[in-house]
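Just below is one structure, and these are the notes that go with it.
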Amino acid sequence: MNIFDIIGPVMVGPSSSHTAGAAKIGYVAGKLMAQPVIKAEILLHGSFLATGKGHGTNLALVAGLLGMKPDDKRIPHSFEIAKEAHMEFSFGETDLKDVHPNSVLLKLTGEDGRYMEIVGESLGGSVINIASIDGHAANFSGDYPTLIIQNEDLPGRVAEVTSELAKRKINIATMKLSRSVRGEDAVMIIECDHEVWEEAIGWLKQMEGVKRVTYYSQGE
Amino acid sequence: MSFRTLKDILAAVQIRQVPFWEAVLLDDVKERGIAREQSFETMRGMYQAMRMADADYDAELRSASGMAGGEGAKLEKFRRGENRLVGDYLSSVMEKAVKMGESNACMKRIVAAPTAGSCGVIPAVLLSYEEHRDVEEDRMVEALFVAAGIGEVIAASASISGAEGGCQAEIGSASAMAAGAVTYLEGGDQEAIVHAAALALKNMLGLTCDPVGGLVEVPCIKRNVSGAVNAVIASQMVMAGLRSAIAPDEVIDSMRRIGKLLPGCLKETSQEGLAITPSAQKITQKLTE
């Protein structure tokens with residue numbers, strides 16, 4: 001937290017958790033897709049479902065998926081803008097396990113056919129957490145450039161990835177490791193202090209044992 | 001943010017021999033490793049965003065629930081008329097507080113200060129002051145640093161979230177921040193600033209968060225008016241030489257303890273208080289139809 005979390009942020013109302021947080025979840029999810037979203041199935045959970053409508057949560061989520069940030073004045077008009085952009089969207093209900101009351105499951109299809117399932121939680125004061133991606137625990141805030149690396153659970157993978165980042169003078173802010181079953185799929189979530197250049201991402205992608213690299217860039 | 005008490009800020013003021021606002025700025029500069037100008041200009045951006053949000057008020061808009069909108073314009077008309085009871089400055093404070101609260105409910109762009117629900121308090125007090133007293137913008141930005149310092153301490157040692165501490169933590173905090181800021185503008189020293197914040201917060205202790213339908217509308221919008229006017233009276237009391245009998249940091253700590261003791265049904269869950277009255281039920285019924 002800094003003083004501009006006290007005086008600020010500049011945001012479209014009415015609620016930092018239900019509007020600004022929702023827009024941010026949509027925004028980060030859209031960035032993770034790295035291609036225009038053409039179809040979004042938006043499943044609301046808990047308080048997002050109960051009081052979302054009066055808070056413009058639906059409008060904010062769609063706005064975020066279209067690349068609008070929480071202070072974008074076009075948020076109230078996001079449904080029309082989505083139509084113009086040929087983005088199909090629908091809303092439904094869901095009951096997610098072990099998540100914050102303000103949560104959403106996004107099922108997204110991109111222009112080039114990429115499909116992702118992202119669970120986002122709005123923790124209050126427009127702070128968010130991307131809880132999972134495609135069923136794997138993720139847990140990052142969207143406040144840093146973030147690498148999500150799915151790899152085979154083998155010794156040395158973490159060392160290789162981090163030394164590659166070190167070589168490129170990219171400082172790691174936080175790092176989390178998880179896996180579903182020993183020896184199978186593992187996930188590294190790396191929040192960085194600097195943007196990771198495309199070339200480094202390309203290198204990570206062709207590394208032995210790496211199955212998928214997803215990158216959340218803070219750049220425009 | 002390294003300040004956890006108002007005493008911490010006063011100590012920094014002493015050691016560095018700088019005004020209250022500058023102690024807050026220097027702390028931000030140190031914390032985030034940025035240039036002084038960057039911190040000041042970011043804060044200027046916040047002030048200008050408040051001014052734009054005020055100018056952008058649209059009396060025709062209604063919130064999705066239909067409960068909020070158009071009342072700021074009524075206050076404006078009344079302010080310009082002959083029948084008003086209070087003077088120009090307070091009339092303007094009241095009007096701007098409602099306008100900002102309504103803009104927020106109608107999905108316009110606002111500055112959370114410290115929250116979206118309490119976004120009307122600080123701009124109402126400061127923008128009206130700027131118009132009324134014709135001060136330079138730099139000084140208004142400095143006043144925002146004063147507000148930020150007070151808010152930072154409340155956030156660190158109590159809470160600025162209605163779900164955690166009730167409305168006292170939102171409108172109460174905003175009121176304390178605005179009181180300190182306007183006291184600075186009126187020429188109060190650091191001791192006057194913290195006492196104005198204390199007096200304002202004391203008047204807001206125990207305030208519950210029981211919004212109708214869970215929306216940031218009723219009673220939130222009009223409560224921005226009470227928070228804003230309360231800031232002004234706290235400041236005037238201090239400028240007249242009155243002081244808080246309870247030490248300012250102890251008032252903040254009382255707010256924290258009271259917030260913990262408030263039952264969950266009165267902390268942004270809409271399970272008690274105004275939220276379950278027959279009037280509220282009528283409104284929420286309409287919302288679900």
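Labels used: A, B, ... for chains in the order of the structure tokens, numbers from 1 for residues in each chain, and numbers from 1 for ligands as shown.
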
Could you tell me which residues of chain A sit within 7 Å of chain B when counting only C-alpha atoms, and give me the result as a PyMOL selection string? chain A and resi 1-3+6-16+51+54-55+71+73+76

Take the residues from that selection and write them out as a PDB file, in the first residue's frame, keeping C-alpha atoms.
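File out29.pdb, as written:
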ATOM      1  CA  MET A   1       0.000   0.000   0.000  1.00  0.00           C
ATOM      2  CA  ASN A   2       1.151   3.560  -0.641  1.00  0.00           C
ATOM      3  CA  ILE A   3      -0.473   6.988  -0.237  1.00  0.00           C
ATOM      4  CA  ILE A   6      -5.464   6.204   0.161  1.00  0.00           C
ATOM      5  CA  ILE A   7      -5.992   9.166  -2.197  1.00  0.00           C
ATOM      6  CA  GLY A   8      -6.835   7.078  -5.240  1.00  0.00           C
ATOM      7  CA  PRO A   9      -7.204   5.144  -7.347  1.00  0.00           C
ATOM      8  CA  VAL A  10      -9.039   7.107 -10.008  1.00  0.00           C
ATOM      9  CA  MET A  11     -11.826   4.715 -10.965  1.00  0.00           C
ATOM     10  CA  VAL A  12     -15.274   4.367 -12.405  1.00  0.00           C
ATOM     11  CA  GLY A  13     -17.763   3.820  -9.567  1.00  0.00           C
ATOM     12  CA  PRO A  14     -19.578   2.696  -7.623  1.00  0.00           C
ATOM     13  CA  SER A  15     -17.507   0.061  -5.832  1.00  0.00           C
ATOM     14  CA  SER A  16     -13.775  -0.559  -5.623  1.00  0.00           C
ATOM     15  CA  THR A  51     -25.111  -7.644  -5.682  1.00  0.00           C
ATOM     16  CA  GLY A  54     -26.355  -2.891  -8.924  1.00  0.00           C
ATOM     17  CA  HIS A  55     -22.608  -2.348  -8.879  1.00  0.00           C
ATOM     18  CA  ASP A  71     -10.633   4.292 -14.776  1.00  0.00           C
ATOM     19  CA  LYS A  73     -15.031   6.199 -18.778  1.00  0.00           C
ATOM     20  CA  PRO A  76     -20.834   1.815 -18.510  1.00  0.00           C
TER      21      PRO A  76
END

Where in stretch 37-281 of chain B does DSSP assign helix (DSSP H, G or I), given as an MDAnalysis selection string? chainID B and resid 37:55 71:80 88:105 121:133 137:157 162:165 167:185 190:202 212:214 220:239 248:261 264:266 273:276 278:281

May I have the residues within 9 Å of A:Gln150 as an mmCIF file with N, CA and C atoms, in the first residue's frame, using only C-alpha atoms and disregarding those fewer than 4 positions away in the same chain?
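Resulting contents of part07.cif:
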data_model
loop_
_atom_site.group_PDB
_atom_site.id
_atom_site.type_symbol
_atom_site.label_atom_id
_atom_site.label_comp_id
_atom_site.auth_asym_id
_atom_site.auth_seq_id
_atom_site.Cartn_x
_atom_site.Cartn_y
_atom_site.Cartn_z
ATOM 1 N N ASP A 185 2.436 -32.441 -13.852
ATOM 2 C CA ASP A 185 2.488 -31.025 -14.195
ATOM 3 C C ASP A 185 2.819 -30.137 -13.001
ATOM 4 N N ALA A 186 3.735 -29.202 -13.205
ATOM 5 C CA ALA A 186 4.045 -28.218 -12.169
ATOM 6 C C ALA A 186 3.839 -26.823 -12.760
ATOM 7 N N VAL A 187 3.614 -25.867 -11.906
ATOM 8 C CA VAL A 187 3.420 -24.490 -12.376
ATOM 9 C C VAL A 187 4.322 -23.541 -11.592
ATOM 10 N N MET A 188 4.995 -22.650 -12.319
ATOM 11 C CA MET A 188 5.758 -21.573 -11.678
ATOM 12 C C MET A 188 5.030 -20.268 -11.970
ATOM 13 N N ILE A 189 4.781 -19.515 -10.913
ATOM 14 C CA ILE A 189 4.203 -18.183 -11.089
ATOM 15 C C ILE A 189 5.276 -17.188 -10.657
ATOM 16 N N GLY A 209 10.969 -29.614 -21.312
ATOM 17 C CA GLY A 209 10.069 -29.870 -20.191
ATOM 18 C C GLY A 209 9.052 -28.778 -19.951
ATOM 19 N N VAL A 210 9.199 -27.645 -20.660
ATOM 20 C CA VAL A 210 8.214 -26.570 -20.499
ATOM 21 C C VAL A 210 7.051 -26.816 -21.447
ATOM 22 N N LYS A 211 5.829 -26.818 -20.900
ATOM 23 C CA LYS A 211 4.677 -27.141 -21.736
ATOM 24 C C LYS A 211 3.981 -25.897 -22.247
ATOM 25 N N ARG A 212 3.937 -24.887 -21.401
ATOM 26 C CA ARG A 212 3.229 -23.696 -21.833
ATOM 27 C C ARG A 212 3.733 -22.481 -21.048
ATOM 28 N N VAL A 213 3.893 -21.360 -21.744
ATOM 29 C CA VAL A 213 4.283 -20.114 -21.073
ATOM 30 C C VAL A 213 3.197 -19.085 -21.366
ATOM 31 N N THR A 214 2.649 -18.536 -20.317
ATOM 32 C CA THR A 214 1.673 -17.461 -20.469
ATOM 33 C C THR A 214 2.272 -16.231 -19.795
#

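When only C-alpha atoms are used to measure the gap to A:Gly67, the shortest distance among A:Gly46, A:Gln218, A:Ile201, A:Arg182 belongs to A:Gln218.
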
Figure out the distance between atom CA of A:Leu105 and atom CA of A:Gly202, please, to one decimal in Å. 28.7 Å

Expected answer as a ChimeraX atom specification: strand (DSSP E) residues in stretch 7-181 of chain A: /A:10-12,37-45,88-93,102-110,115-124,127-133,136-140,146-152,172-179

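The protein and nucleic acid residues lying at most 8 Å from stretch 82-94 of chain B are Leu75, Glu76, Phe78, Arg79, Arg80, Lys96, Ala97, Val98, Ala124, Val125, Ser128, Tyr129, His132, Val225, Ala228 and Val229 of chain B, with only C-alpha atoms considered and sequence neighbours fewer than 2 positions away removed.
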
Write the residues of the selection above to a file with C-alpha atoms, as a CSV table (one decimal), in the first residue's frame.
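Output contents, as saved in out-v3.csv:
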chain,number,residue,atom,x,y,z
B,75,LEU,CA,-28.9,21.4,-3.7
B,76,GLU,CA,-27.2,23.6,-6.3
B,78,PHE,CA,-31.2,25.8,-3.4
B,79,ARG,CA,-27.7,27.2,-2.8
B,80,ARG,CA,-28.3,29.8,-5.5
B,96,LYS,CA,-20.4,18.9,-4.0
B,97,ALA,CA,-20.5,16.0,-1.6
B,98,VAL,CA,-23.9,14.8,-2.9
B,124,ALA,CA,-16.4,18.6,-1.4
B,125,VAL,CA,-14.3,20.3,1.4
B,128,SER,CA,-15.3,24.4,-2.4
B,129,TYR,CA,-12.4,25.8,-0.4
B,132,HIS,CA,-14.2,30.2,-1.9
B,225,VAL,CA,-22.5,15.4,3.3
B,228,ALA,CA,-17.8,16.8,4.8
B,229,VAL,CA,-19.7,19.3,7.0

One-decimal distance in Å that lies between atom CA of B:Glu22 and atom CA of B:Ile252: 22.1 Å

Distance of atom CA of A:Glu191 from atom CA of A:Thr174, expressed in Å to one decimal place: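 If I compute the distance from atom CA of A:Thr174 to atom CA of A:Glu191, I get 5.1 Å.
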